[in-house]
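Note: the block below is final_21.csv and it holds CSV, C-alpha atoms and all ligand atoms.
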chain,number,residue,atom,x,y,z
A,8,MET,CA,148.6,106.1,121.4
A,9,PHE,CA,148.6,104.2,118.2
A,10,SER,CA,150.2,100.8,118.5
A,11,GLN,CA,150.8,97.9,116.1
A,12,ASN,CA,150.3,95.4,119.0
A,13,PRO,CA,147.2,93.3,118.4
A,14,VAL,CA,144.3,93.8,120.8
A,15,PHE,CA,143.0,90.9,122.9
A,16,VAL,CA,139.7,92.4,124.0
A,17,PRO,CA,136.8,90.2,122.8
A,18,GLY,CA,135.6,93.0,120.5
A,19,PRO,CA,136.2,95.3,118.9
A,20,THR,CA,138.7,93.0,117.2
A,21,ASN,CA,141.8,93.6,115.1
A,22,ILE,CA,141.0,95.1,111.8
A,23,PRO,CA,142.9,93.7,108.8
A,24,ASP,CA,144.6,96.4,106.7
A,25,GLU,CA,142.6,95.5,103.6
A,26,ILE,CA,139.3,95.9,105.5
A,27,ARG,CA,140.5,99.2,106.9
A,28,LYS,CA,141.2,100.4,103.4
A,29,ALA,CA,137.9,99.1,102.1
A,30,CYS,CA,136.1,101.2,104.7
A,31,ASP,CA,137.8,104.3,103.4
A,32,VAL,CA,135.7,105.3,100.4
A,33,PRO,CA,135.0,108.7,99.0
A,34,THR,CA,131.5,110.2,99.4
A,35,LEU,CA,129.1,108.4,97.2
A,36,ASP,CA,125.5,109.3,96.3
A,37,HIS,CA,123.6,106.5,98.1
A,38,ARG,CA,120.7,107.1,95.7
A,39,SER,CA,122.9,106.1,92.7
A,40,ALA,CA,123.3,102.7,91.2
A,41,SER,CA,126.8,102.2,92.6
A,42,PHE,CA,125.4,102.0,96.2
A,43,LYS,CA,123.5,98.9,95.2
A,44,ASP,CA,126.8,97.2,94.2
A,45,ILE,CA,127.9,97.6,97.8
A,46,LEU,CA,124.7,96.9,99.6
A,47,THR,CA,123.5,93.8,97.8
A,48,PRO,CA,126.8,91.8,98.1
A,49,ALA,CA,127.1,92.8,101.8
A,50,LEU,CA,123.5,91.5,102.5
A,51,ASN,CA,124.1,88.3,100.5
A,52,GLY,CA,127.5,87.8,102.2
A,53,VAL,CA,126.0,87.9,105.7
A,54,ALA,CA,123.4,85.4,104.7
A,55,LYS,CA,126.1,83.0,103.6
A,56,VAL,CA,128.1,83.5,106.7
A,57,ILE,CA,125.1,82.5,108.9
A,58,LYS,CA,124.3,79.6,106.5
A,59,SER,CA,120.9,80.8,105.5
A,60,LEU,CA,119.0,80.6,102.3
A,61,THR,CA,115.8,81.9,103.9
A,62,ALA,CA,116.7,84.8,106.1
A,63,GLU,CA,116.3,88.5,105.2
A,64,VAL,CA,119.3,90.4,106.4
A,65,PHE,CA,119.1,94.0,107.5
A,66,ILE,CA,121.9,96.4,108.4
A,67,PHE,CA,121.5,99.5,110.5
A,68,SER,CA,124.1,102.0,111.6
A,69,GLY,CA,124.3,101.1,115.3
A,70,THR,CA,125.8,98.4,117.4
A,71,GLY,CA,124.9,94.9,118.6
A,72,THR,CA,122.7,96.5,121.3
A,73,GLY,CA,120.8,98.3,118.5
A,74,GLY,CA,120.4,94.9,116.9
A,75,TRP,CA,118.8,93.5,120.1
A,76,GLU,CA,116.4,96.5,120.1
A,77,THR,CA,115.6,95.8,116.4
A,78,ALA,CA,114.7,92.2,117.2
A,79,ILE,CA,112.5,93.0,120.1
A,80,THR,CA,110.6,96.0,118.8
A,81,ASN,CA,109.9,94.5,115.4
A,82,THR,CA,108.4,91.2,116.6
A,83,LEU,CA,106.8,91.9,120.0
A,84,SER,CA,104.3,94.1,121.7
A,85,PRO,CA,104.5,95.7,125.2
A,86,GLY,CA,103.4,93.2,127.8
A,87,ASP,CA,104.4,90.2,125.7
A,88,HIS,CA,106.2,87.3,127.6
A,89,VAL,CA,109.7,86.3,126.7
A,90,LEU,CA,111.9,83.6,128.1
A,91,ILE,CA,115.6,84.0,128.6
A,92,ALA,CA,118.4,82.4,130.6
A,93,ARG,CA,120.9,84.6,132.4
A,94,ASN,CA,124.5,83.2,132.5
A,95,GLY,CA,126.6,86.4,132.3
A,96,MET,CA,126.7,90.1,131.7
A,97,PHE,CA,125.5,90.1,128.1
A,98,SER,CA,122.4,88.0,128.7
A,99,ASP,CA,121.8,90.3,131.7
A,100,ARG,CA,121.9,93.4,129.5
A,101,TRP,CA,119.5,91.8,127.1
A,102,ILE,CA,117.1,91.1,130.0
A,103,ASN,CA,117.4,94.8,131.0
A,104,LEU,CA,116.6,95.9,127.5
A,105,CYS,CA,113.5,93.7,127.4
A,106,LYS,CA,112.3,95.1,130.7
A,107,ARG,CA,112.8,98.6,129.6
A,108,HIS,CA,110.6,97.8,126.6
A,109,GLY,CA,107.8,96.7,128.9
A,110,LEU,CA,108.1,93.0,128.2
A,111,ASN,CA,107.2,90.4,130.7
A,112,VAL,CA,110.5,88.6,131.2
A,113,SER,CA,110.8,85.1,132.6
A,114,ILE,CA,114.4,84.5,133.7
A,115,ILE,CA,116.1,81.2,134.1
A,116,GLU,CA,119.1,81.7,136.3
A,117,ALA,CA,122.2,79.8,135.3
A,118,GLY,CA,125.7,79.9,136.7
A,119,TRP,CA,128.2,82.4,135.4
A,120,GLY,CA,130.4,79.8,133.7
A,121,GLN,CA,127.6,77.5,132.6
A,122,GLY,CA,125.9,77.1,129.3
A,123,LEU,CA,122.2,77.8,128.6
A,124,PRO,CA,120.2,75.0,130.2
A,125,ALA,CA,118.0,73.6,127.4
A,126,ASP,CA,116.2,71.4,129.8
A,127,LYS,CA,115.0,74.3,131.9
A,128,TYR,CA,113.9,76.2,128.8
A,129,ARG,CA,111.9,73.1,127.9
A,130,GLU,CA,110.3,72.9,131.4
A,131,LYS,CA,109.2,76.5,131.2
A,132,LEU,CA,107.8,76.0,127.7
A,133,ALA,CA,106.0,72.8,128.8
A,134,ALA,CA,104.3,74.8,131.6
A,135,ASP,CA,103.2,77.5,129.2
A,136,LYS,CA,100.0,75.7,128.0
A,137,ASN,CA,98.4,78.9,126.6
A,138,HIS,CA,101.5,79.9,124.6
A,139,GLU,CA,101.9,83.2,126.4
A,140,ILE,CA,105.6,83.1,125.7
A,141,LYS,CA,106.1,84.9,122.4
A,142,ALA,CA,109.9,84.6,122.1
A,143,VAL,CA,112.7,82.5,123.5
A,144,LEU,CA,116.0,84.5,123.8
A,145,ALA,CA,119.4,82.8,123.8
A,146,THR,CA,122.9,84.2,123.9
A,147,HIS,CA,125.0,81.9,121.7
A,148,ASN,CA,128.4,83.0,123.1
A,149,GLU,CA,128.4,84.7,126.5
A,150,THR,CA,131.4,87.0,126.1
A,151,ALA,CA,131.7,87.8,129.8
A,152,THR,CA,132.4,84.3,130.8
A,153,GLY,CA,133.7,82.6,127.7
A,154,VAL,CA,130.8,80.2,127.4
A,155,THR,CA,129.3,78.9,124.2
A,156,SER,CA,125.9,77.3,124.3
A,157,ASP,CA,124.2,74.8,122.0
A,158,ILE,CA,121.5,76.7,120.1
A,159,ALA,CA,120.4,73.5,118.3
A,160,GLN,CA,119.5,72.1,121.8
A,161,ILE,CA,117.3,75.2,122.5
A,162,ARG,CA,115.5,74.7,119.2
A,163,ARG,CA,114.9,71.0,120.1
A,164,ALA,CA,113.5,72.1,123.4
A,165,ILE,CA,111.0,74.4,121.7
A,166,ASP,CA,110.1,71.8,119.1
A,167,ALA,CA,109.7,69.0,121.6
A,168,GLU,CA,106.9,71.1,123.2
A,169,LYS,CA,105.5,72.1,119.8
A,170,HIS,CA,105.8,75.7,121.1
A,171,PRO,CA,105.2,78.5,118.6
A,172,ALA,CA,107.6,81.0,120.2
A,173,LEU,CA,110.2,82.8,118.1
A,174,LEU,CA,113.8,81.9,118.7
A,175,LEU,CA,115.9,85.1,119.0
A,176,VAL,CA,119.7,84.6,119.2
A,177,ASP,CA,122.4,86.9,120.2
A,178,GLY,CA,125.3,85.9,118.0
A,179,VAL,CA,127.4,89.0,118.5
A,180,SER,CA,130.6,87.3,119.6
A,181,ALA,CA,129.9,84.1,117.6
A,182,ILE,CA,128.9,84.9,114.1
A,183,GLY,CA,131.8,84.9,111.6
A,184,SER,CA,134.1,83.2,114.1
A,185,ILE,CA,132.4,80.0,115.2
A,186,ASP,CA,129.7,77.9,113.5
A,187,PHE,CA,126.3,79.5,113.3
A,188,ARG,CA,123.5,77.7,111.4
A,189,PHE,CA,120.6,80.0,111.0
A,190,ASP,CA,118.4,77.6,108.9
A,191,GLU,CA,119.4,74.3,110.5
A,192,TRP,CA,118.9,75.6,114.0
A,193,GLY,CA,115.6,77.2,113.1
A,194,VAL,CA,116.8,80.6,114.3
A,195,ASP,CA,114.1,83.3,113.8
A,196,ILE,CA,116.3,86.3,114.5
A,197,ALA,CA,120.1,86.5,114.7
A,198,VAL,CA,121.8,89.6,116.0
A,199,THR,CA,125.4,90.7,115.6
A,200,GLY,CA,127.5,93.8,115.2
A,201,SER,CA,130.3,94.8,112.8
A,202,GLN,CA,133.2,94.9,115.3
A,203,LYS,CA,133.5,91.3,116.3
A,204,GLY,CA,133.7,88.3,113.9
A,205,PHE,CA,133.3,90.7,110.9
A,206,MET,CA,136.6,92.4,111.8
A,207,LEU,CA,135.3,95.9,111.1
A,208,PRO,CA,135.2,99.0,113.1
A,209,LEU,CA,132.2,99.5,115.4
A,210,GLY,CA,129.2,101.0,113.7
A,211,LEU,CA,126.8,98.4,112.2
A,212,ALA,CA,123.9,96.5,113.8
A,213,ILE,CA,123.4,93.4,111.6
A,214,VAL,CA,120.3,91.3,112.0
A,215,ALA,CA,118.7,88.4,110.1
A,216,PHE,CA,115.0,87.6,110.2
A,217,SER,CA,113.3,84.3,109.3
A,218,PRO,CA,110.1,84.3,107.3
A,219,LYS,CA,108.2,83.7,110.6
A,220,ALA,CA,109.9,86.7,112.2
A,221,MET,CA,109.0,88.8,109.2
A,222,ASP,CA,105.4,87.7,109.7
A,223,ALA,CA,105.6,88.8,113.3
A,224,THR,CA,106.6,92.3,112.3
A,225,LYS,CA,103.1,92.8,110.9
A,226,THR,CA,101.4,92.5,114.2
A,227,ALA,CA,104.1,93.7,116.6
A,228,ARG,CA,102.9,96.9,118.4
A,229,HIS,CA,106.2,98.2,119.9
A,230,TYR,CA,106.9,101.8,118.7
A,231,ARG,CA,109.8,101.9,116.3
A,232,THR,CA,111.0,104.4,113.7
A,233,TYR,CA,114.7,104.2,113.1
A,234,PHE,CA,114.9,100.5,113.5
A,235,ASP,CA,111.8,99.6,111.5
A,236,ILE,CA,112.3,96.5,109.4
A,237,GLN,CA,109.5,97.2,107.1
A,238,ASP,CA,111.0,100.6,106.1
A,239,MET,CA,114.3,98.9,105.5
A,240,ALA,CA,112.8,96.0,103.5
A,241,LYS,CA,110.9,98.4,101.3
A,242,SER,CA,114.0,100.4,100.5
A,243,TYR,CA,116.1,97.3,99.9
A,244,GLU,CA,113.7,96.3,97.1
A,245,THR,CA,115.2,99.1,95.0
A,246,GLY,CA,118.7,98.7,96.3
A,247,GLY,CA,118.4,101.8,98.5
A,248,TYR,CA,118.2,102.8,102.2
A,249,PRO,CA,115.5,104.7,104.1
A,250,TYR,CA,118.1,107.2,105.3
A,251,THR,CA,121.8,107.9,104.8
A,252,PRO,CA,123.7,104.6,104.9
A,253,PRO,CA,127.2,104.0,106.4
A,254,VAL,CA,128.7,103.4,102.9
A,255,GLY,CA,132.3,102.9,104.0
A,256,LEU,CA,131.4,100.3,106.6
A,257,LEU,CA,129.1,98.5,104.2
A,258,ASN,CA,131.9,98.3,101.7
A,259,GLY,CA,134.1,96.9,104.4
A,260,LEU,CA,131.4,94.4,105.3
A,261,LYS,CA,131.2,93.2,101.7
A,262,LEU,CA,135.0,92.5,101.7
A,263,ALA,CA,134.8,90.9,105.2
A,264,CYS,CA,132.3,88.4,104.0
A,265,ASP,CA,134.4,87.7,100.9
A,266,MET,CA,137.4,87.1,103.1
A,267,LEU,CA,135.6,84.7,105.4
A,268,LEU,CA,134.1,82.8,102.5
A,269,ASP,CA,137.4,82.7,100.6
A,270,GLU,CA,139.2,81.3,103.6
A,271,SER,CA,136.1,79.0,103.9
A,272,LEU,CA,133.9,79.1,106.9
A,273,GLU,CA,135.0,75.6,108.0
A,274,ASN,CA,138.7,76.8,108.0
A,275,VAL,CA,137.7,80.0,109.9
A,276,PHE,CA,136.0,77.9,112.6
A,277,GLN,CA,139.0,75.5,112.7
A,278,ARG,CA,141.4,78.4,113.0
A,279,HIS,CA,139.4,79.8,115.9
A,280,ASN,CA,139.3,76.4,117.6
A,281,ARG,CA,143.1,75.9,117.1
A,282,ILE,CA,143.9,79.3,118.5
A,283,ALA,CA,141.6,78.8,121.4
A,284,ASN,CA,143.1,75.4,122.1
A,285,GLY,CA,146.5,77.1,122.3
A,286,VAL,CA,145.2,79.6,124.8
A,287,ARG,CA,143.6,76.9,126.9
A,288,ALA,CA,146.8,74.9,126.9
A,289,ALA,CA,148.6,78.0,128.3
A,290,VAL,CA,145.9,78.5,131.0
A,291,ASP,CA,146.4,74.9,132.0
A,292,ALA,CA,150.2,75.3,132.1
A,293,TRP,CA,149.8,78.3,134.3
A,294,GLY,CA,147.8,76.2,136.7
A,295,LEU,CA,144.8,78.4,136.3
A,296,LYS,CA,141.2,77.6,135.4
A,297,LEU,CA,138.7,79.0,132.9
A,298,CYS,CA,135.4,80.5,134.1
A,299,ALA,CA,133.7,78.1,131.7
A,300,GLU,CA,133.0,75.0,133.9
A,301,LYS,CA,133.0,72.3,131.3
A,302,PRO,CA,134.9,71.7,128.0
A,303,GLU,CA,131.6,71.5,126.1
A,304,TRP,CA,131.1,75.2,127.0
A,305,TYR,CA,134.6,76.4,126.2
A,306,SER,CA,134.4,79.3,123.8
A,307,ASP,CA,136.6,79.4,120.8
A,308,THR,CA,136.3,83.2,120.6
A,309,VAL,CA,137.1,84.3,124.2
A,310,SER,CA,138.8,82.7,127.2
A,311,ALA,CA,137.8,84.1,130.7
A,312,ILE,CA,140.7,83.2,133.0
A,313,VAL,CA,140.1,83.0,136.7
A,314,THR,CA,143.0,84.4,138.8
A,315,PRO,CA,143.9,83.3,142.3
A,316,THR,CA,141.6,84.7,145.1
A,317,ASN,CA,143.9,87.4,146.4
A,318,PHE,CA,144.9,88.7,143.0
A,319,ASP,CA,143.1,91.6,141.3
A,320,ALA,CA,142.5,90.5,137.7
A,321,THR,CA,141.4,94.1,136.7
A,322,ALA,CA,144.7,95.4,137.9
A,323,LEU,CA,146.4,93.0,135.5
A,324,VAL,CA,144.4,94.4,132.6
A,325,THR,CA,145.3,98.0,133.6
A,326,TYR,CA,149.0,97.0,134.0
A,327,ALA,CA,149.1,95.2,130.6
A,328,ALA,CA,147.8,98.4,128.9
A,329,GLU,CA,150.3,100.7,130.7
A,330,ARG,CA,153.4,98.5,130.8
A,331,TYR,CA,153.1,96.6,127.5
A,332,ASN,CA,150.5,98.5,125.5
A,333,VAL,CA,148.4,95.4,125.1
A,334,ALA,CA,144.6,95.3,125.7
A,335,PHE,CA,142.9,92.4,127.5
A,336,GLY,CA,139.3,92.2,128.6
A,337,VAL,CA,138.3,92.9,132.3
A,338,GLY,CA,135.8,90.8,134.2
A,339,LEU,CA,132.3,92.3,134.0
A,340,GLY,CA,129.6,92.4,136.6
A,341,LYS,CA,129.6,89.6,139.1
A,342,VAL,CA,133.1,88.4,138.0
A,343,ALA,CA,134.8,91.8,138.0
A,344,GLY,CA,138.3,91.6,139.5
A,345,LYS,CA,138.1,87.8,139.5
A,346,LEU,CA,139.0,87.1,135.9
A,347,PHE,CA,140.6,88.6,132.9
A,348,ARG,CA,139.7,87.7,129.3
A,349,ILE,CA,141.8,87.0,126.3
A,350,GLY,CA,139.7,87.6,123.2
A,351,HIS,CA,140.7,85.5,120.3
A,352,LEU,CA,138.1,86.2,117.6
A,353,GLY,CA,138.3,87.8,114.3
A,354,LYS,CA,141.4,88.0,112.1
A,355,LEU,CA,143.9,86.4,114.5
A,356,THR,CA,146.8,84.1,113.7
A,357,ASP,CA,148.7,81.6,115.8
A,358,VAL,CA,151.6,84.0,116.0
A,359,MET,CA,149.4,86.9,117.2
A,360,ALA,CA,147.9,84.6,119.8
A,361,LEU,CA,151.4,83.7,121.1
A,362,SER,CA,152.2,87.4,121.6
A,363,GLY,CA,149.1,87.7,123.8
A,364,ILE,CA,149.8,84.6,125.8
A,365,ALA,CA,153.4,85.8,126.3
A,366,THR,CA,152.2,89.3,127.4
A,367,ALA,CA,149.7,87.9,129.8
A,368,GLU,CA,152.4,85.7,131.3
A,369,MET,CA,154.8,88.6,131.7
A,370,CYS,CA,152.1,90.6,133.5
A,371,MET,CA,151.2,87.8,135.9
A,372,VAL,CA,154.9,87.3,136.8
A,373,ASP,CA,155.5,91.1,137.1
A,374,LEU,CA,152.5,91.3,139.5
A,375,GLY,CA,153.8,88.5,141.7
A,376,LEU,CA,152.2,85.2,140.6
A,377,SER,CA,154.6,82.4,140.6
A,378,ILE,CA,154.3,81.2,137.1
A,379,PRO,CA,157.4,80.0,135.2
A,380,LEU,CA,158.0,82.5,132.3
A,381,GLY,CA,157.4,80.7,129.0
A,382,SER,CA,155.3,77.9,130.4
A,383,GLY,CA,152.1,79.0,128.7
A,384,VAL,CA,153.8,80.0,125.6
A,385,ALA,CA,155.5,76.6,125.3
A,386,ALA,CA,152.2,74.8,125.8
A,387,ALA,CA,150.5,76.9,123.1
A,388,GLN,CA,153.5,76.5,120.8
A,389,GLU,CA,153.0,72.7,121.0
A,390,VAL,CA,149.4,73.0,120.0
A,391,TYR,CA,150.2,75.3,117.0
A,392,ARG,CA,153.1,73.2,115.8
A,393,ALA,CA,151.1,70.1,115.9
A,394,SER,CA,148.2,71.4,113.8
A,395,PRO,CA,148.3,70.7,110.1
A,396,LEU,CA,148.7,73.5,107.5
A,397,LEU,CA,145.4,74.8,106.3
A,398,GLU,CA,144.8,74.6,102.6
A,399,THR,CA,144.0,78.2,101.7
A,400,LYS,CA,146.7,80.9,101.5
A,401,SER,CA,144.4,83.5,103.1
A,402,ALA,CA,144.2,81.4,106.3
A,403,ALA,CA,147.8,82.0,107.2
A,501,LIG,C1,129.6,92.8,122.3
A,501,LIG,C2,128.4,92.1,122.6
A,501,LIG,C3,127.1,92.7,122.7
A,501,LIG,C4,127.0,94.2,122.6
A,501,LIG,O1,127.3,94.7,121.4
A,501,LIG,P1,127.6,96.3,121.2
A,501,LIG,O2,128.0,96.2,119.8
A,501,LIG,O3,128.6,96.7,122.1
A,501,LIG,O4,126.3,97.0,121.4
A,501,LIG,C5,126.0,91.9,122.9
A,501,LIG,N1,126.1,90.6,123.1
A,501,LIG,C6,127.3,90.0,123.1
A,501,LIG,C7,127.3,88.5,123.3
A,501,LIG,C8,128.5,90.7,122.9
A,501,LIG,O5,129.7,90.0,122.9
Could you quickly redo this structure as structure tokens?
Amino acid sequence: MFSQNPVFVPGPTNIPDEIRKACDVPTLDHRSASFKDILTPALNGVAKVIKSLTAEVFIFSGTGTGGWETAITNTLSPGDHVLIARNGMFSDRWINLCKRHGLNVSIIEAGWGQGLPADKYREKLAADKNHEIKAVLATHNETATGVTSDIAQIRRAIDAEKHPALLLVDGVSAIGSIDFRFDEWGVDIAVTGSQKGFMLPLGLAIVAFSPKAMDATKTARHYRTYFDIQDMAKSYETGGYPYTPPVGLLNGLKLACDMLLDESLENVFQRHNRIANGVRAAVDAWGLKLCAEKPEWYSDTVSAIVTPTNFDATALVTYAAERYNVAFGVGLGKVAGKLFRIGHLGKLTDVMALSGIATAEMCMVDLGLSIPLGSGVAAAQEVYRASPLLETKSAA
């Protein structure tokens, strides 16, 4: 049933009305000049959001997973070695995708709740004297555990060993919500989708390739047709698409980028940090803990909240949907039933966040946890009251 309640799943995120309207465009001949007026600003907008002057951005109809596949198949060949750390369900799925493509995957196991261990990446790279490892894979924000990792540290680990491997980054639940510095961090491929930080409906796989990644596409022998970067690049030269493009979503993306840049990226990141601080203050007031083990790993886009041992966190998510018509995220994989997630990425305000915190609180009390009603809300209110007004009107 349609509801005006915001959603608190960590993607798909709430769609602002103006973006929903921008996606609603009449059929347009994508071979006409007017398509270029949508495509070009959308591509340029994404480059600005990831802070890159050098990346080539490509957009496919698809999802983040399609973006992963694009990254792998365009730069690698079957049998190539890749190095990746597993610290949650999304890094696990990326590993699975690599294996299915016949890649030789070296896995660094990290705790679910821990960040990516740059020192272990470095050890593996140091041991790889013959430079067998062709790509280093990193999940910037592990959505399953609410853990953000330091991508600059991974880059430093690669550089310290003077290793030529590509750095491929899953930025799906990060880009557009928390700081992402494609050029500064020496990222070779960044992957995201439309339905998280870009506040759009599901339907776009968004990838950015560095010049080095573009070079790798010339020798990569994985089969690829639909997700072929070269086909896409060639069509972009004339402002076109190699097949029928998702025009409405691209028009929405153009606006989404404008909105993020108008608010200013630094304000967007600050807003996410403030909202997350409020959620974390609530979790603390409830006497609960986050899955993320250390503050340096706390995610500003999703909080994974561990519930007491004899409490079924998945039941809470089901109950919230049925009783209050509010969506939270369930625990995935190893942490299923042990935690629930409050997604706070995309176009969220302090006031929206308070409604999610209040609802989570009602659900926990309804289901028998002894938490004083209002305790988490009050803690978050203090955080939001204390923060200075942001300067732009669109940041409200
Ligand atoms: C959502 C998500 C994905 C998967 O994206 P889909 O669009 O569902 O294919 C991958 N990685 C991370 C970190 C995510 O949060």
Within 7 Å of region 179-194 of chain A, which residues of region 101-172 of chain A show up? Give each one with its shortest atom-to-atom distance in Å (one decimal) and the two atoms involved, counting only C-alpha atoms, rows by chain then rising residue number, as a Markdown table.
| residue | atom | partner | partner_atom | distance |
| --- | --- | --- | --- | --- |
| A:His147 | CA | A:Ala181 | CA | 6.8 |
| A:Asn148 | CA | A:Ala181 | CA | 5.8 |
| A:Thr150 | CA | A:Ser180 | CA | 6.6 |
| A:Ile158 | CA | A:Trp192 | CA | 6.7 |
| A:Ala159 | CA | A:Trp192 | CA | 5.0 |
| A:Arg162 | CA | A:Trp192 | CA | 6.3 |
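For region 239-247 of chain A, the set of protein, DNA and RNA residues having any atom at most 8 Å away, when counting all atoms listed in the file and skipping those fewer than 3 positions along the same chain, is His37, Arg38, Ala40, Phe42, Lys43, Leu46, Thr47, Phe65, Asp235 and Ile236 of chain A.
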Expected file: the selected residues, C-alpha atoms, as an mmCIF file, in the frame of the given file:
data_model
loop_
_atom_site.group_PDB
_atom_site.id
_atom_site.type_symbol
_atom_site.label_atom_id
_atom_site.label_comp_id
_atom_site.auth_asym_id
_atom_site.auth_seq_id
_atom_site.Cartn_x
_atom_site.Cartn_y
_atom_site.Cartn_z
ATOM 1 C CA HIS A 37 123.600 106.500 98.100
ATOM 2 C CA ARG A 38 120.700 107.100 95.700
ATOM 3 C CA ALA A 40 123.300 102.700 91.200
ATOM 4 C CA PHE A 42 125.400 102.000 96.200
ATOM 5 C CA LYS A 43 123.500 98.900 95.200
ATOM 6 C CA LEU A 46 124.700 96.900 99.600
ATOM 7 C CA THR A 47 123.500 93.800 97.800
ATOM 8 C CA PHE A 65 119.100 94.000 107.500
ATOM 9 C CA ASP A 235 111.800 99.600 111.500
ATOM 10 C CA ILE A 236 112.300 96.500 109.400
#
message = If we count only C-alpha atoms and set the cut-off at 7 Å, which residues sit around region 307-322 of chain A, ignoring sequence neighbours fewer than 4 positions away in its own chain? Please answer as a PyMOL selection string.
response = chain A and resi 17+150+152-153+184+279-280+283+295-298+326+337-338+344-352
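Comparing A:Asn12, A:Thr366, A:Thr20, A:Thr226 by their smallest distance to ligand LIG 501 (chain A), the closest is A:Thr20 (using all atoms listed in the file).
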request  = Taking all atoms listed in the file into account, report as a ChimeraX atom specification which residues have an atom no farther than 9 Å from an atom of ligand LIG 501 (chain A).
outcome  = /A:17-19,69-75,96-98,100-101,146-151,177-181,198-203,209-212
Using the partial input, fill out region 40-52 of chain A with N, CA and C atoms; write the result as a PDB file, in the frame of the given file.
ATOM      1  N   ALA A  40     123.191 104.124  91.430  1.00  0.00           N
ATOM      2  CA  ALA A  40     123.300 102.700  91.200  1.00  0.00           C
ATOM      3  C   ALA A  40     124.476 102.057  91.889  1.00  0.00           C
ATOM      4  N   SER A  41     125.544 102.842  92.053  1.00  0.00           N
ATOM      5  CA  SER A  41     126.800 102.200  92.600  1.00  0.00           C
ATOM      6  C   SER A  41     126.587 101.818  94.067  1.00  0.00           C
ATOM      7  N   PHE A  42     125.631 102.421  94.789  1.00  0.00           N
ATOM      8  CA  PHE A  42     125.400 102.000  96.200  1.00  0.00           C
ATOM      9  C   PHE A  42     124.916 100.550  96.240  1.00  0.00           C
ATOM     10  N   LYS A  43     124.044 100.239  95.290  1.00  0.00           N
ATOM     11  CA  LYS A  43     123.500  98.900  95.200  1.00  0.00           C
ATOM     12  C   LYS A  43     124.576  97.818  95.100  1.00  0.00           C
ATOM     13  N   ASP A  44     125.653  98.192  94.381  1.00  0.00           N
ATOM     14  CA  ASP A  44     126.800  97.200  94.200  1.00  0.00           C
ATOM     15  C   ASP A  44     127.538  96.982  95.459  1.00  0.00           C
ATOM     16  N   ILE A  45     127.321  97.822  96.451  1.00  0.00           N
ATOM     17  CA  ILE A  45     127.900  97.600  97.800  1.00  0.00           C
ATOM     18  C   ILE A  45     126.933  96.862  98.666  1.00  0.00           C
ATOM     19  N   LEU A  46     125.704  97.401  98.711  1.00  0.00           N
ATOM     20  CA  LEU A  46     124.700  96.900  99.600  1.00  0.00           C
ATOM     21  C   LEU A  46     124.346  95.413  99.354  1.00  0.00           C
ATOM     22  N   THR A  47     124.014  95.108  98.106  1.00  0.00           N
ATOM     23  CA  THR A  47     123.500  93.800  97.800  1.00  0.00           C
ATOM     24  C   THR A  47     124.538  92.674  98.131  1.00  0.00           C
ATOM     25  N   PRO A  48     125.803  92.804  97.708  1.00  0.00           N
ATOM     26  CA  PRO A  48     126.800  91.800  98.100  1.00  0.00           C
ATOM     27  C   PRO A  48     126.986  91.677  99.610  1.00  0.00           C
ATOM     28  N   ALA A  49     126.880  92.810 100.303  1.00  0.00           N
ATOM     29  CA  ALA A  49     127.100  92.800 101.800  1.00  0.00           C
ATOM     30  C   ALA A  49     125.916  91.969 102.402  1.00  0.00           C
ATOM     31  N   LEU A  50     124.684  92.211 101.971  1.00  0.00           N
ATOM     32  CA  LEU A  50     123.500  91.500 102.500  1.00  0.00           C
ATOM     33  C   LEU A  50     123.636  89.989 102.193  1.00  0.00           C
ATOM     34  N   ASN A  51     123.992  89.692 100.940  1.00  0.00           N
ATOM     35  CA  ASN A  51     124.100  88.300 100.500  1.00  0.00           C
ATOM     36  C   ASN A  51     125.256  87.598 101.269  1.00  0.00           C
ATOM     37  N   GLY A  52     126.330  88.340 101.473  1.00  0.00           N
ATOM     38  CA  GLY A  52     127.500  87.800 102.200  1.00  0.00           C
ATOM     39  C   GLY A  52     127.143  87.392 103.597  1.00  0.00           C
TER      40      GLY A  52
END
